[in-house]
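Raw contents of target_28.cif, mmCIF, C-alpha atoms:
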data_final
#
loop_
_atom_site.label_atom_id
_atom_site.label_comp_id
_atom_site.auth_asym_id
_atom_site.auth_seq_id
_atom_site.Cartn_x
_atom_site.Cartn_y
_atom_site.Cartn_z
CA MET A 1 -233.50 -57.01 -76.44
CA GLY A 2 -231.23 -59.03 -74.13
CA ILE A 3 -228.89 -60.35 -76.87
CA ARG A 4 -225.26 -59.81 -75.94
CA SER A 5 -223.56 -61.94 -78.58
CA HIS A 6 -221.32 -59.83 -80.81
CA HIS A 7 -221.89 -62.30 -83.71
CA LEU A 8 -225.44 -61.10 -84.26
CA SER A 9 -225.88 -60.17 -87.90
CA LEU A 10 -227.64 -57.12 -89.21
CA GLY A 11 -230.37 -59.25 -90.74
CA LEU A 12 -231.34 -60.73 -87.40
CA LEU A 13 -231.27 -57.29 -85.84
CA LEU A 14 -233.81 -56.13 -88.41
CA LEU A 15 -235.83 -59.24 -87.67
CA PHE A 16 -236.01 -58.24 -84.02
CA LEU A 17 -237.08 -54.75 -84.89
CA LEU A 18 -239.93 -55.90 -87.12
CA PRO A 19 -243.33 -55.72 -85.44
CA ALA A 20 -245.06 -59.04 -84.94
CA GLU A 21 -248.05 -57.86 -87.00
CA CYS A 22 -245.89 -57.82 -90.13
CA LEU A 23 -245.25 -61.57 -89.88
CA GLY A 24 -247.49 -64.58 -90.51
CA ALA A 25 -248.48 -67.08 -87.85
CA GLU A 26 -245.51 -69.32 -88.52
CA GLY A 27 -243.17 -66.35 -88.70
CA ARG A 28 -244.43 -65.03 -85.35
CA LEU A 29 -243.84 -68.41 -83.75
CA ALA A 30 -240.33 -68.62 -85.22
CA LEU A 31 -239.55 -65.10 -84.02
CA LYS A 32 -240.84 -65.86 -80.55
CA LEU A 33 -238.82 -69.09 -80.46
CA PHE A 34 -235.70 -67.27 -81.60
CA ARG A 35 -236.09 -64.59 -78.94
CA ASP A 36 -236.70 -67.13 -76.23
CA LEU A 37 -233.72 -69.30 -77.21
CA PHE A 38 -231.15 -66.56 -77.58
CA ALA A 39 -232.28 -64.25 -74.80
CA ASN A 40 -229.49 -65.38 -72.48
CA TYR A 41 -227.44 -67.56 -74.85
CA THR A 42 -223.70 -67.17 -75.43
CA SER A 43 -221.67 -68.87 -78.15
CA SER A 44 -218.39 -68.55 -76.26
CA LEU A 45 -218.77 -71.56 -73.93
CA ARG A 46 -219.29 -75.25 -74.53
CA PRO A 47 -223.05 -75.96 -74.53
CA VAL A 48 -223.10 -78.63 -71.80
CA ALA A 49 -225.15 -78.68 -68.61
CA ASP A 50 -222.15 -79.96 -66.61
CA THR A 51 -218.65 -78.65 -67.28
CA ASP A 52 -217.23 -82.13 -66.60
CA GLN A 53 -219.42 -83.63 -69.30
CA THR A 54 -217.83 -84.54 -72.64
CA LEU A 55 -219.44 -83.08 -75.74
CA ASN A 56 -219.69 -85.59 -78.59
CA VAL A 57 -219.23 -84.32 -82.17
CA THR A 58 -219.96 -86.52 -85.17
CA LEU A 59 -217.97 -85.74 -88.31
CA GLU A 60 -219.02 -86.72 -91.82
CA VAL A 61 -217.05 -85.92 -94.98
CA THR A 62 -218.27 -86.11 -98.57
CA LEU A 63 -215.65 -85.99 -101.32
CA SER A 64 -216.88 -83.86 -104.20
CA GLN A 65 -213.83 -83.28 -106.42
CA ILE A 66 -210.06 -83.69 -106.65
CA ILE A 67 -208.93 -80.24 -107.73
CA ASP A 68 -205.19 -80.82 -107.95
CA MET A 69 -202.42 -83.20 -106.93
CA ASP A 70 -199.10 -81.34 -106.89
CA GLU A 71 -196.48 -84.09 -106.81
CA ARG A 72 -193.54 -81.68 -106.82
CA ASN A 73 -194.76 -79.74 -103.76
CA GLN A 74 -196.64 -82.75 -102.33
CA VAL A 75 -199.89 -80.85 -101.79
CA LEU A 76 -203.37 -82.30 -102.39
CA THR A 77 -206.26 -79.90 -103.08
CA LEU A 78 -209.79 -81.24 -102.53
CA TYR A 79 -213.33 -79.91 -102.56
CA LEU A 80 -215.21 -81.40 -99.59
CA TRP A 81 -218.60 -81.15 -97.96
CA ILE A 82 -218.11 -81.34 -94.19
CA ARG A 83 -221.02 -82.12 -91.87
CA GLN A 84 -220.70 -81.74 -88.10
CA GLU A 85 -223.39 -82.75 -85.63
CA TRP A 86 -223.54 -82.16 -81.88
CA THR A 87 -226.09 -81.47 -79.15
CA ASP A 88 -226.49 -78.03 -77.61
CA ALA A 89 -227.94 -78.31 -74.12
CA TYR A 90 -229.16 -74.68 -74.12
CA LEU A 91 -231.06 -74.75 -77.41
CA ARG A 92 -234.03 -77.01 -76.62
CA TRP A 93 -237.75 -76.32 -76.69
CA ASP A 94 -241.10 -78.01 -76.66
CA PRO A 95 -242.55 -78.09 -80.20
CA ASN A 96 -246.11 -78.05 -78.82
CA ALA A 97 -245.48 -74.64 -77.24
CA TYR A 98 -244.56 -73.20 -80.62
CA GLY A 99 -247.24 -74.59 -82.91
CA GLY A 100 -245.41 -77.83 -83.71
CA LEU A 101 -242.26 -76.04 -84.91
CA ASP A 102 -239.52 -78.65 -84.46
CA ALA A 103 -236.58 -77.18 -86.46
CA ILE A 104 -235.24 -73.79 -87.49
CA ARG A 105 -232.33 -72.66 -89.63
CA ILE A 106 -230.16 -69.87 -88.30
CA PRO A 107 -226.70 -68.48 -89.16
CA SER A 108 -223.91 -70.61 -87.79
CA SER A 109 -222.20 -67.58 -86.28
CA LEU A 110 -224.94 -67.35 -83.61
CA VAL A 111 -224.34 -70.76 -82.04
CA TRP A 112 -221.34 -72.41 -80.48
CA ARG A 113 -219.29 -74.35 -83.04
CA PRO A 114 -216.56 -76.93 -82.41
CA ASP A 115 -213.07 -75.73 -83.32
CA ILE A 116 -212.36 -78.73 -85.56
CA VAL A 117 -209.60 -77.98 -88.05
CA LEU A 118 -207.51 -79.89 -90.57
CA TYR A 119 -204.26 -80.77 -88.80
CA ASN A 120 -202.14 -81.40 -91.92
CA LYS A 121 -203.22 -78.20 -93.62
CA ALA A 122 -200.77 -76.95 -96.25
CA ASP A 123 -202.21 -73.47 -96.73
CA ALA A 124 -200.74 -70.20 -95.49
CA GLN A 125 -204.18 -68.73 -94.80
CA PRO A 126 -205.59 -69.11 -91.27
CA PRO A 127 -208.41 -71.63 -90.90
CA GLY A 128 -211.85 -70.10 -91.37
CA SER A 129 -215.41 -71.35 -91.26
CA ALA A 130 -217.89 -70.99 -94.07
CA SER A 131 -220.82 -68.69 -93.22
CA THR A 132 -223.58 -71.21 -93.77
CA ASN A 133 -226.70 -71.85 -91.72
CA VAL A 134 -227.10 -74.57 -89.14
CA VAL A 135 -230.18 -76.71 -88.67
CA LEU A 136 -231.36 -76.57 -85.04
CA ARG A 137 -233.87 -79.15 -83.82
CA HIS A 138 -236.10 -79.08 -80.76
CA ASN A 139 -234.02 -81.67 -78.87
CA GLY A 140 -230.89 -79.49 -79.15
CA ALA A 141 -229.35 -81.42 -82.06
CA VAL A 142 -227.31 -79.07 -84.25
CA ARG A 143 -226.29 -79.98 -87.80
CA TRP A 144 -223.78 -77.81 -89.63
CA ASP A 145 -223.11 -78.48 -93.33
CA ALA A 146 -220.30 -76.42 -94.85
CA PRO A 147 -218.34 -76.72 -98.12
CA ALA A 148 -214.57 -76.45 -97.92
CA ILE A 149 -211.60 -76.39 -100.28
CA THR A 150 -208.74 -78.04 -98.42
CA ARG A 151 -205.03 -78.02 -99.22
CA SER A 152 -203.37 -80.82 -97.28
CA SER A 153 -199.85 -82.20 -97.27
CA CYS A 154 -199.51 -85.65 -98.82
CA ARG A 155 -196.35 -87.70 -99.07
CA VAL A 156 -196.14 -88.77 -102.70
CA ASP A 157 -194.21 -91.93 -103.51
CA VAL A 158 -193.32 -92.01 -107.21
CA ALA A 159 -191.30 -95.24 -107.15
CA ALA A 160 -193.84 -97.00 -109.40
CA PHE A 161 -194.71 -93.99 -111.61
CA PRO A 162 -196.78 -94.01 -113.81
CA PHE A 163 -198.39 -97.10 -112.29
CA ASP A 164 -198.30 -95.75 -108.73
CA ALA A 165 -200.94 -95.61 -106.01
CA GLN A 166 -201.03 -92.92 -103.34
CA ARG A 167 -202.45 -92.73 -99.81
CA CYS A 168 -203.25 -89.20 -98.64
CA GLY A 169 -204.59 -88.67 -95.14
CA LEU A 170 -206.78 -85.78 -93.93
CA THR A 171 -206.72 -85.52 -90.14
CA PHE A 172 -209.48 -83.53 -88.42
CA GLY A 173 -209.55 -82.73 -84.73
CA SER A 174 -210.20 -80.06 -82.15
CA TRP A 175 -207.44 -77.49 -81.81
CA THR A 176 -207.98 -76.49 -78.15
CA HIS A 177 -210.38 -78.99 -76.57
CA GLY A 178 -208.98 -82.22 -75.22
CA GLY A 179 -210.67 -85.58 -75.23
CA HIS A 180 -212.29 -84.98 -71.85
CA GLN A 181 -214.07 -81.89 -73.17
CA LEU A 182 -214.79 -82.75 -76.81
CA ASP A 183 -214.86 -86.15 -78.42
CA VAL A 184 -214.94 -86.38 -82.22
CA ARG A 185 -216.05 -89.52 -84.02
CA PRO A 186 -216.66 -90.34 -87.70
CA ARG A 187 -220.09 -91.14 -89.06
CA GLY A 188 -219.72 -94.44 -90.83
CA ALA A 189 -216.60 -96.35 -91.80
CA ALA A 190 -215.64 -94.14 -94.72
CA ALA A 191 -216.29 -90.83 -96.40
CA SER A 192 -219.13 -90.59 -98.88
CA LEU A 193 -218.35 -90.71 -102.62
CA ALA A 194 -221.93 -90.39 -103.83
CA ASP A 195 -221.41 -86.94 -105.35
CA PHE A 196 -217.82 -87.39 -106.49
CA VAL A 197 -216.84 -85.91 -109.86
CA GLU A 198 -214.49 -88.31 -111.64
CA ASN A 199 -210.91 -87.12 -112.11
CA VAL A 200 -209.08 -87.57 -115.43
CA GLU A 201 -205.78 -88.53 -113.82
CA TRP A 202 -206.69 -90.28 -110.56
CA ARG A 203 -209.09 -93.09 -109.78
CA VAL A 204 -210.47 -93.06 -106.24
CA LEU A 205 -210.50 -96.50 -104.61
CA GLY A 206 -212.02 -95.37 -101.33
CA MET A 207 -211.72 -93.02 -98.37
CA PRO A 208 -211.84 -95.02 -95.13
CA ALA A 209 -212.08 -93.23 -91.78
CA ARG A 210 -210.10 -94.05 -88.64
CA ARG A 211 -210.35 -92.55 -85.16
CA ARG A 212 -207.24 -92.11 -83.05
CA VAL A 213 -206.52 -90.79 -79.57
CA LEU A 214 -203.07 -89.24 -79.24
CA THR A 215 -201.17 -87.46 -76.51
CA TYR A 216 -198.90 -84.64 -77.64
CA GLY A 217 -195.82 -83.32 -75.91
CA CYS A 218 -197.42 -79.96 -75.18
CA CYS A 219 -200.39 -81.29 -73.24
CA SER A 220 -201.08 -84.10 -70.82
CA GLU A 221 -204.66 -84.81 -71.83
CA PRO A 222 -205.46 -86.99 -74.87
CA TYR A 223 -206.66 -85.46 -78.12
CA PRO A 224 -208.95 -87.55 -80.36
CA ASP A 225 -208.90 -87.04 -84.11
CA VAL A 226 -210.43 -88.59 -87.23
CA THR A 227 -208.25 -89.41 -90.25
CA PHE A 228 -209.82 -89.92 -93.67
CA THR A 229 -207.34 -91.75 -95.92
CA LEU A 230 -207.88 -91.06 -99.61
CA LEU A 231 -206.80 -94.07 -101.69
CA LEU A 232 -205.76 -93.03 -105.19
CA HIS A 233 -204.56 -94.95 -108.22
CA ARG A 234 -203.10 -93.10 -111.19
CA ARG A 235 -204.67 -93.51 -114.62
CA ALA A 236 -201.57 -94.38 -116.63
CA ALA A 237 -203.00 -94.37 -120.17
CA ALA A 238 -201.79 -90.85 -121.02
CA TYR A 239 -198.30 -91.49 -119.64
CA VAL A 240 -198.04 -94.82 -121.48
CA CYS A 241 -198.94 -93.19 -124.80
CA ASN A 242 -196.84 -90.04 -124.37
CA LEU A 243 -193.77 -91.22 -122.46
CA LEU A 244 -193.54 -95.00 -122.33
CA LEU A 245 -194.46 -96.20 -125.83
CA PRO A 246 -192.06 -93.79 -127.62
CA CYS A 247 -189.26 -95.00 -125.38
CA VAL A 248 -190.16 -98.64 -126.06
CA LEU A 249 -190.15 -98.09 -129.82
CA ILE A 250 -186.85 -96.19 -129.67
CA SER A 251 -185.26 -98.89 -127.53
CA LEU A 252 -186.34 -101.54 -130.07
CA LEU A 253 -184.90 -99.41 -132.86
CA ALA A 254 -181.48 -99.05 -131.25
CA PRO A 255 -180.26 -102.68 -131.79
CA LEU A 256 -180.96 -102.36 -135.51
CA ALA A 257 -177.73 -100.39 -135.79
CA PHE A 258 -176.01 -103.80 -135.80
CA HIS A 259 -178.04 -104.76 -138.87
CA LEU A 260 -177.00 -101.75 -140.93
CA PRO A 261 -174.22 -102.40 -143.46
CA ALA A 262 -170.91 -101.00 -142.31
CA ASP A 263 -170.36 -99.31 -145.67
CA SER A 264 -173.53 -97.21 -145.20
CA GLY A 265 -171.74 -94.96 -142.71
CA GLU A 266 -174.89 -94.58 -140.57
CA LYS A 267 -174.32 -97.18 -137.86
CA VAL A 268 -172.86 -94.80 -135.28
CA SER A 269 -175.21 -91.99 -136.32
CA LEU A 270 -178.25 -94.14 -135.56
CA GLY A 271 -177.00 -94.95 -132.05
CA ILE A 272 -176.23 -91.30 -131.25
CA THR A 273 -179.64 -90.18 -132.58
CA VAL A 274 -181.43 -92.74 -130.41
CA LEU A 275 -179.39 -91.63 -127.40
CA LEU A 276 -180.33 -87.99 -127.96
CA ALA A 277 -184.02 -88.86 -128.31
CA LEU A 278 -183.95 -90.76 -125.01
CA THR A 279 -182.21 -87.81 -123.33
CA VAL A 280 -185.02 -85.47 -124.44
CA PHE A 281 -187.68 -87.80 -123.01
CA GLN A 282 -185.69 -88.13 -119.78
CA LEU A 283 -185.66 -84.34 -119.38
CA LEU A 284 -189.42 -84.16 -119.97
CA LEU A 285 -189.94 -86.80 -117.30
CA ALA A 286 -187.66 -85.05 -114.79
CA GLU A 287 -189.66 -81.82 -115.09
CA SER A 288 -192.89 -83.45 -113.96
CA MET A 289 -191.47 -85.57 -111.16
CA PRO A 290 -190.77 -84.34 -107.61
CA PRO A 291 -187.20 -84.65 -106.33
CA ALA A 292 -187.15 -87.87 -104.33
CA GLU A 293 -184.76 -90.55 -103.17
CA SER A 294 -186.60 -93.28 -105.06
CA VAL A 295 -186.23 -93.27 -108.84
CA PRO A 296 -189.53 -93.82 -110.72
CA LEU A 297 -190.02 -97.07 -112.61
CA ILE A 298 -190.12 -95.29 -115.95
CA GLY A 299 -186.96 -93.41 -114.96
CA LYS A 300 -185.17 -96.70 -114.29
CA TYR A 301 -186.36 -97.95 -117.67
CA TYR A 302 -185.03 -94.82 -119.37
CA MET A 303 -181.64 -95.15 -117.66
CA ALA A 304 -181.38 -98.86 -118.50
CA THR A 305 -182.28 -98.14 -122.14
CA MET A 306 -179.77 -95.28 -122.37
CA THR A 307 -177.06 -97.52 -120.89
CA MET A 308 -177.90 -100.24 -123.40
CA VAL A 309 -177.77 -97.77 -126.31
CA THR A 310 -174.44 -96.40 -125.08
CA PHE A 311 -172.90 -99.87 -124.95
CA SER A 312 -174.34 -100.79 -128.34
CA THR A 313 -172.86 -97.64 -129.88
CA ALA A 314 -169.46 -98.40 -128.36
CA LEU A 315 -169.60 -101.98 -129.65
CA THR A 316 -170.62 -100.68 -133.08
CA ILE A 317 -167.47 -98.54 -133.20
CA LEU A 318 -165.30 -101.56 -132.28
CA ILE A 319 -167.00 -103.76 -134.87
CA MET A 320 -166.51 -101.11 -137.56
CA ASN A 321 -162.83 -101.09 -136.61
CA LEU A 322 -162.74 -104.81 -137.37
CA HIS A 323 -164.61 -104.29 -140.63
CA TYR A 324 -162.14 -101.74 -141.94
CA CYS A 325 -158.97 -103.71 -141.13
CA GLY A 326 -156.79 -103.19 -144.19
CA PRO A 327 -154.74 -105.73 -146.14
CA SER A 328 -151.77 -104.98 -143.90
CA ALA A 329 -153.59 -106.31 -140.81
CA ARG A 330 -152.58 -109.52 -139.15
CA PRO A 331 -154.58 -112.65 -140.00
CA VAL A 332 -157.53 -113.63 -137.84
CA PRO A 333 -156.26 -115.60 -134.82
CA ALA A 334 -156.75 -119.35 -134.95
CA TRP A 335 -159.14 -119.44 -131.95
CA ALA A 336 -161.31 -116.69 -133.48
CA ARG A 337 -161.26 -118.45 -136.85
CA ALA A 338 -162.37 -121.72 -135.29
CA LEU A 339 -164.85 -120.36 -132.74
CA LEU A 340 -166.32 -117.24 -134.39
CA LEU A 341 -165.89 -117.87 -138.13
CA GLY A 342 -166.61 -121.55 -137.68
CA HIS A 343 -169.19 -122.51 -135.06
CA LEU A 344 -170.73 -119.10 -134.30
CA ALA A 345 -171.02 -118.09 -137.98
CA GLN A 346 -172.65 -121.41 -138.79
CA SER A 347 -175.17 -121.11 -135.92
CA LEU A 348 -176.00 -117.49 -136.83
CA CYS A 349 -176.23 -118.34 -140.55
CA VAL A 350 -173.59 -115.83 -141.63
CA GLN A 351 -172.18 -117.02 -144.97
CA GLU A 352 -170.49 -115.73 -148.06
CA ARG A 353 -172.42 -114.91 -151.22
CA GLY A 354 -173.61 -118.03 -152.94
CA GLU A 355 -172.76 -120.16 -149.91
CA PRO A 356 -175.71 -122.12 -148.46
CA CYS A 357 -176.70 -121.43 -144.85
CA GLY A 358 -175.05 -123.78 -142.38
CA GLN A 359 -171.82 -124.18 -144.35
CA SER A 360 -168.84 -121.96 -143.82
CA ARG A 361 -165.90 -121.36 -146.10
CA PRO A 362 -162.90 -123.47 -145.05
CA PRO A 363 -160.14 -121.30 -143.69
CA GLU A 364 -157.28 -120.62 -146.06
CA LEU A 365 -153.71 -120.34 -144.98
CA SER A 366 -151.72 -117.45 -146.18
CA PRO A 367 -149.35 -118.76 -148.88
CA SER A 368 -145.74 -117.98 -148.48
CA PRO A 369 -143.79 -116.66 -151.41
CA GLN A 370 -142.29 -119.45 -153.47
CA SER A 371 -139.29 -119.33 -155.71
CA PRO A 372 -139.28 -120.67 -159.25
CA GLU A 373 -138.94 -124.34 -159.87
CA GLY A 374 -135.65 -125.71 -158.75
CA GLY A 375 -134.94 -122.62 -156.65
CA ALA A 376 -132.85 -121.14 -159.49
CA GLY A 377 -132.30 -117.45 -159.25
CA PRO A 378 -131.15 -115.10 -161.89
CA PRO A 379 -127.96 -116.26 -163.55
CA ALA A 380 -124.96 -114.81 -161.86
CA GLY A 381 -122.15 -113.65 -163.97
CA PRO A 382 -121.91 -114.09 -167.69
CA CYS A 383 -124.24 -116.64 -169.20
CA HIS A 384 -122.31 -119.70 -170.32
CA GLU A 385 -125.46 -121.41 -171.71
CA PRO A 386 -126.94 -120.83 -175.07
CA ARG A 387 -128.73 -117.52 -175.38
CA CYS A 388 -132.19 -119.09 -175.82
CA LEU A 389 -131.96 -121.06 -172.55
CA CYS A 390 -130.88 -117.92 -170.66
CA ARG A 391 -133.91 -116.02 -171.85
CA GLN A 392 -136.24 -118.86 -170.91
CA GLU A 393 -134.96 -118.95 -167.35
CA ALA A 394 -135.34 -115.15 -167.03
CA ILE A 395 -138.93 -115.37 -168.27
CA LEU A 396 -139.69 -118.17 -165.77
CA HIS A 397 -138.23 -116.07 -162.96
CA HIS A 398 -140.42 -113.09 -163.82
CA VAL A 399 -143.49 -115.29 -164.14
CA ALA A 400 -142.79 -116.75 -160.67
CA THR A 401 -142.39 -113.26 -159.21
CA ILE A 402 -145.69 -112.18 -160.70
CA ALA A 403 -147.39 -115.34 -159.40
CA ASN A 404 -145.97 -114.83 -155.91
CA THR A 405 -147.14 -111.20 -155.91
CA PHE A 406 -150.60 -112.29 -156.99
CA ARG A 407 -150.70 -114.95 -154.29
CA SER A 408 -149.66 -112.42 -151.63
CA HIS A 409 -152.29 -109.96 -152.82
CA ARG A 410 -154.90 -112.69 -152.83
CA ALA A 411 -153.88 -113.77 -149.31
CA ALA A 412 -154.16 -110.17 -148.10
CA GLN A 413 -157.58 -109.92 -149.69
CA HIS A 414 -158.66 -113.14 -148.00
CA CYS A 415 -157.35 -111.78 -144.68
CA HIS A 416 -159.35 -108.57 -145.19
CA GLU A 417 -162.46 -110.60 -146.12
CA ASP A 418 -162.02 -112.70 -142.97
CA TRP A 419 -162.01 -109.56 -140.80
CA LYS A 420 -165.09 -108.26 -142.59
CA ARG A 421 -166.82 -111.60 -142.11
CA LEU A 422 -165.84 -111.58 -138.44
CA ALA A 423 -167.41 -108.11 -138.13
CA ARG A 424 -170.64 -109.41 -139.68
CA VAL A 425 -170.70 -112.33 -137.25
CA MET A 426 -170.25 -109.97 -134.31
CA ASP A 427 -172.97 -107.69 -135.68
CA ARG A 428 -175.41 -110.59 -135.96
CA PHE A 429 -174.51 -111.85 -132.48
CA PHE A 430 -174.96 -108.49 -130.71
CA LEU A 431 -178.12 -107.79 -132.70
CA GLY A 432 -179.76 -110.80 -131.08
CA ILE A 433 -178.38 -110.01 -127.62
CA PHE A 434 -179.39 -106.35 -127.49
CA PHE A 435 -182.74 -106.88 -129.21
CA SER A 436 -183.60 -109.56 -126.63
CA MET A 437 -182.56 -107.23 -123.80
CA ALA A 438 -184.68 -104.36 -125.15
CA LEU A 439 -187.67 -106.66 -125.66
CA VAL A 440 -187.46 -108.14 -122.16
CA MET A 441 -187.10 -104.71 -120.50
CA SER A 442 -190.03 -103.32 -122.47
CA LEU A 443 -192.27 -106.27 -121.61
CA LEU A 444 -191.39 -106.01 -117.91
CA VAL A 445 -192.46 -102.35 -117.88
CA LEU A 446 -195.55 -102.77 -120.07
CA VAL A 447 -196.84 -105.68 -117.98
CA GLN A 448 -197.20 -103.24 -115.08
CA ALA A 449 -199.90 -101.43 -117.06
CA LEU A 450 -202.07 -104.52 -117.31
#
Same coordinates, now as structure tokens:
Amino acid sequence: MGIRSHHLSLGLLLLFLLPAECLGAEGRLALKLFRDLFANYTSSLRPVADTDQTLNVTLEVTLSQIIDMDERNQVLTLYLWIRQEWTDAYLRWDPNAYGGLDAIRIPSSLVWRPDIVLYNKADAQPPGSASTNVVLRHNGAVRWDAPAITRSSCRVDVAAFPFDAQRCGLTFGSWTHGGHQLDVRPRGAAASLADFVENVEWRVLGMPARRRVLTYGCCSEPYPDVTFTLLLHRRAAAYVCNLLLPCVLISLLAPLAFHLPADSGEKVSLGITVLLALTVFQLLLAESMPPAESVPLIGKYYMATMTMVTFSTALTILIMNLHYCGPSARPVPAWARALLLGHLAQSLCVQERGEPCGQSRPPELSPSPQSPEGGAGPPAGPCHEPRCLCRQEAILHHVATIANTFRSHRAAQHCHEDWKRLARVMDRFFLGIFFSMALVMSLLVLVQAL
């Protein structure tokens, strides 16, 4: 039959063996055309009339679906429809000689196909071509449409996670033919998104195409390629609800430890509980993120919040130490009494019970023990005065001792109350500071989602 191509399928072999009487008029014409075209055709050589002529291949890509984006391994899996068009100089005929037949569809394995592959392929399997038909027209134009599932390497930058945008390139080019033998060009300025199935995690902004001509170290001749850059923007709603909002609420809860009464015994427990909750969320975030030099935005927010909670817990412990200063403690220093118990307490509206806001209790000096009137001590030696006068002086001495003891106890109580009041002032002050910090940090992160 004159066909020497080893790619001939069994179906075509049966077609050759069928007698012409078994086919209709159109079938007989198609069979005759097929026999005439492939009588001396080989698919091993470039189909050009002159070996110095460059064969032009037009590449068109249609994005159908984003199957997976593996941030940890930095691999992007896509489902594409790839169309390649070129002109075969040996597959031309006159339609009038074949009853007006101007196009036929034959298996792609029978014709020469360009060895265009994905350069940044991230799959261990060798590149293969889908066994689909090609459309062959009378002027030699060949169109080959083939679906493909591609796994390409993509450098993922998670610095702005979960509000990040990614750029993943897919570079197609000939593996063995240089630019003087095969020239590949894109059809249009971008890949088609007409049949794209929307992804739940990524929003596609576009897929522009760019042609480059590069010279590699292995070869002297230039190699053209076409790069389709997939522009992705992450849909952050799920991450905001599951990772960001709980952290924001916990960070706003942490400063309230300063508002808890010291006698409740739960101030430090609240800070430690918040810190443990943030640690759990940090571990969940670390499992889904690839190891990278840049820390994600939400990771920075977690670390800043954990640092703030750690400092607030440490300050809570110091403030509780002030609150539980016993009667034996030294009095509040004069500068602290004037600055903290005076001006700061008045501005923060920290007052005693029954004291109107804006007025502070005047500081009291610790009274020193006083002796009875006249400085008379117990009578030394035998009493030379009348017995009644002696007893009166002894009673006055005991009364003075009791009064001095009461004054000392009252002064110690006032000293203890001053330390407790100082602790309340510090609690109110740090409550405002840390709550403002948590609010500002949360707003700075949440504004990225808008």
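Counting all atoms listed in the file, the residue from A:Ala124, A:Met69, A:Val445, A:Ala194 that sits nearest to Phe163 of chain A is A:Val445.
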### Task
Have a look at atom CA of Phe311 of chain A and atom CA of Val248 of chain A and let me know their distance in Å, one decimal.
17.3 Å
### Message
If we draw a sphere of 10 Å around (-187.5, -82.6, -106.3), which residues have at least one atom in it when counting only C-alpha atoms? Please report them as a PyMOL selection string.
### Response
chain A and resi 71-74+286-293
### Message
Need to verify the contact set: segment 297-302 of chain A, 6 Å, only C-alpha atoms, exclusion of same-chain residues closer than 3 positions in sequence. Can you return it as a list in words?
### Response
Ala159, Ala160, Phe161 and Thr305 of chain A
#### Entry: Among listed residues A:Thr401, A:Gln392, A:Thr279, A:Ser152, nearest Leu76 of chain A (using all atoms listed in the file)
A:Ser152
Missing atoms in segment 196-208 of chain A: fill them in up to N, CA and C atoms and send the result as a PDB file, in the frame of the given file.
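As a result, out04.pdb now contains:
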ATOM      1  N   PHE A 196    -219.192 -87.632-106.023  1.00  0.00           N
ATOM      2  CA  PHE A 196    -217.820 -87.390-106.490  1.00  0.00           C
ATOM      3  C   PHE A 196    -217.782 -87.196-108.003  1.00  0.00           C
ATOM      4  N   VAL A 197    -217.056 -86.181-108.444  1.00  0.00           N
ATOM      5  CA  VAL A 197    -216.840 -85.910-109.860  1.00  0.00           C
ATOM      6  C   VAL A 197    -215.548 -86.617-110.283  1.00  0.00           C
ATOM      7  N   GLU A 198    -215.646 -87.517-111.243  1.00  0.00           N
ATOM      8  CA  GLU A 198    -214.490 -88.310-111.640  1.00  0.00           C
ATOM      9  C   GLU A 198    -213.336 -87.431-112.125  1.00  0.00           C
ATOM     10  N   ASN A 199    -212.118 -87.839-111.732  1.00  0.00           N
ATOM     11  CA  ASN A 199    -210.910 -87.120-112.110  1.00  0.00           C
ATOM     12  C   ASN A 199    -210.267 -87.806-113.310  1.00  0.00           C
ATOM     13  N   VAL A 200    -209.662 -87.006-114.211  1.00  0.00           N
ATOM     14  CA  VAL A 200    -209.080 -87.570-115.430  1.00  0.00           C
ATOM     15  C   VAL A 200    -207.763 -88.268-115.164  1.00  0.00           C
ATOM     16  N   GLU A 201    -207.098 -87.944-114.077  1.00  0.00           N
ATOM     17  CA  GLU A 201    -205.780 -88.530-113.820  1.00  0.00           C
ATOM     18  C   GLU A 201    -205.787 -89.558-112.706  1.00  0.00           C
ATOM     19  N   TRP A 202    -206.686 -89.400-111.726  1.00  0.00           N
ATOM     20  CA  TRP A 202    -206.690 -90.280-110.560  1.00  0.00           C
ATOM     21  C   TRP A 202    -208.004 -91.021-110.454  1.00  0.00           C
ATOM     22  N   ARG A 203    -207.917 -92.274-110.079  1.00  0.00           N
ATOM     23  CA  ARG A 203    -209.090 -93.090-109.780  1.00  0.00           C
ATOM     24  C   ARG A 203    -209.157 -93.299-108.274  1.00  0.00           C
ATOM     25  N   VAL A 204    -210.295 -92.965-107.688  1.00  0.00           N
ATOM     26  CA  VAL A 204    -210.470 -93.060-106.240  1.00  0.00           C
ATOM     27  C   VAL A 204    -210.925 -94.469-105.889  1.00  0.00           C
ATOM     28  N   LEU A 205    -210.155 -95.145-105.046  1.00  0.00           N
ATOM     29  CA  LEU A 205    -210.500 -96.500-104.610  1.00  0.00           C
ATOM     30  C   LEU A 205    -211.315 -96.510-103.335  1.00  0.00           C
ATOM     31  N   GLY A 206    -211.278 -95.441-102.584  1.00  0.00           N
ATOM     32  CA  GLY A 206    -212.020 -95.370-101.330  1.00  0.00           C
ATOM     33  C   GLY A 206    -211.456 -94.282-100.443  1.00  0.00           C
ATOM     34  N   MET A 207    -212.173 -94.030 -99.332  1.00  0.00           N
ATOM     35  CA  MET A 207    -211.720 -93.020 -98.370  1.00  0.00           C
ATOM     36  C   MET A 207    -212.127 -93.467 -96.976  1.00  0.00           C
ATOM     37  N   PRO A 208    -211.462 -94.507 -96.452  1.00  0.00           N
ATOM     38  CA  PRO A 208    -211.840 -95.020 -95.130  1.00  0.00           C
ATOM     39  C   PRO A 208    -211.498 -94.021 -94.023  1.00  0.00           C
TER      40      PRO A 208
END
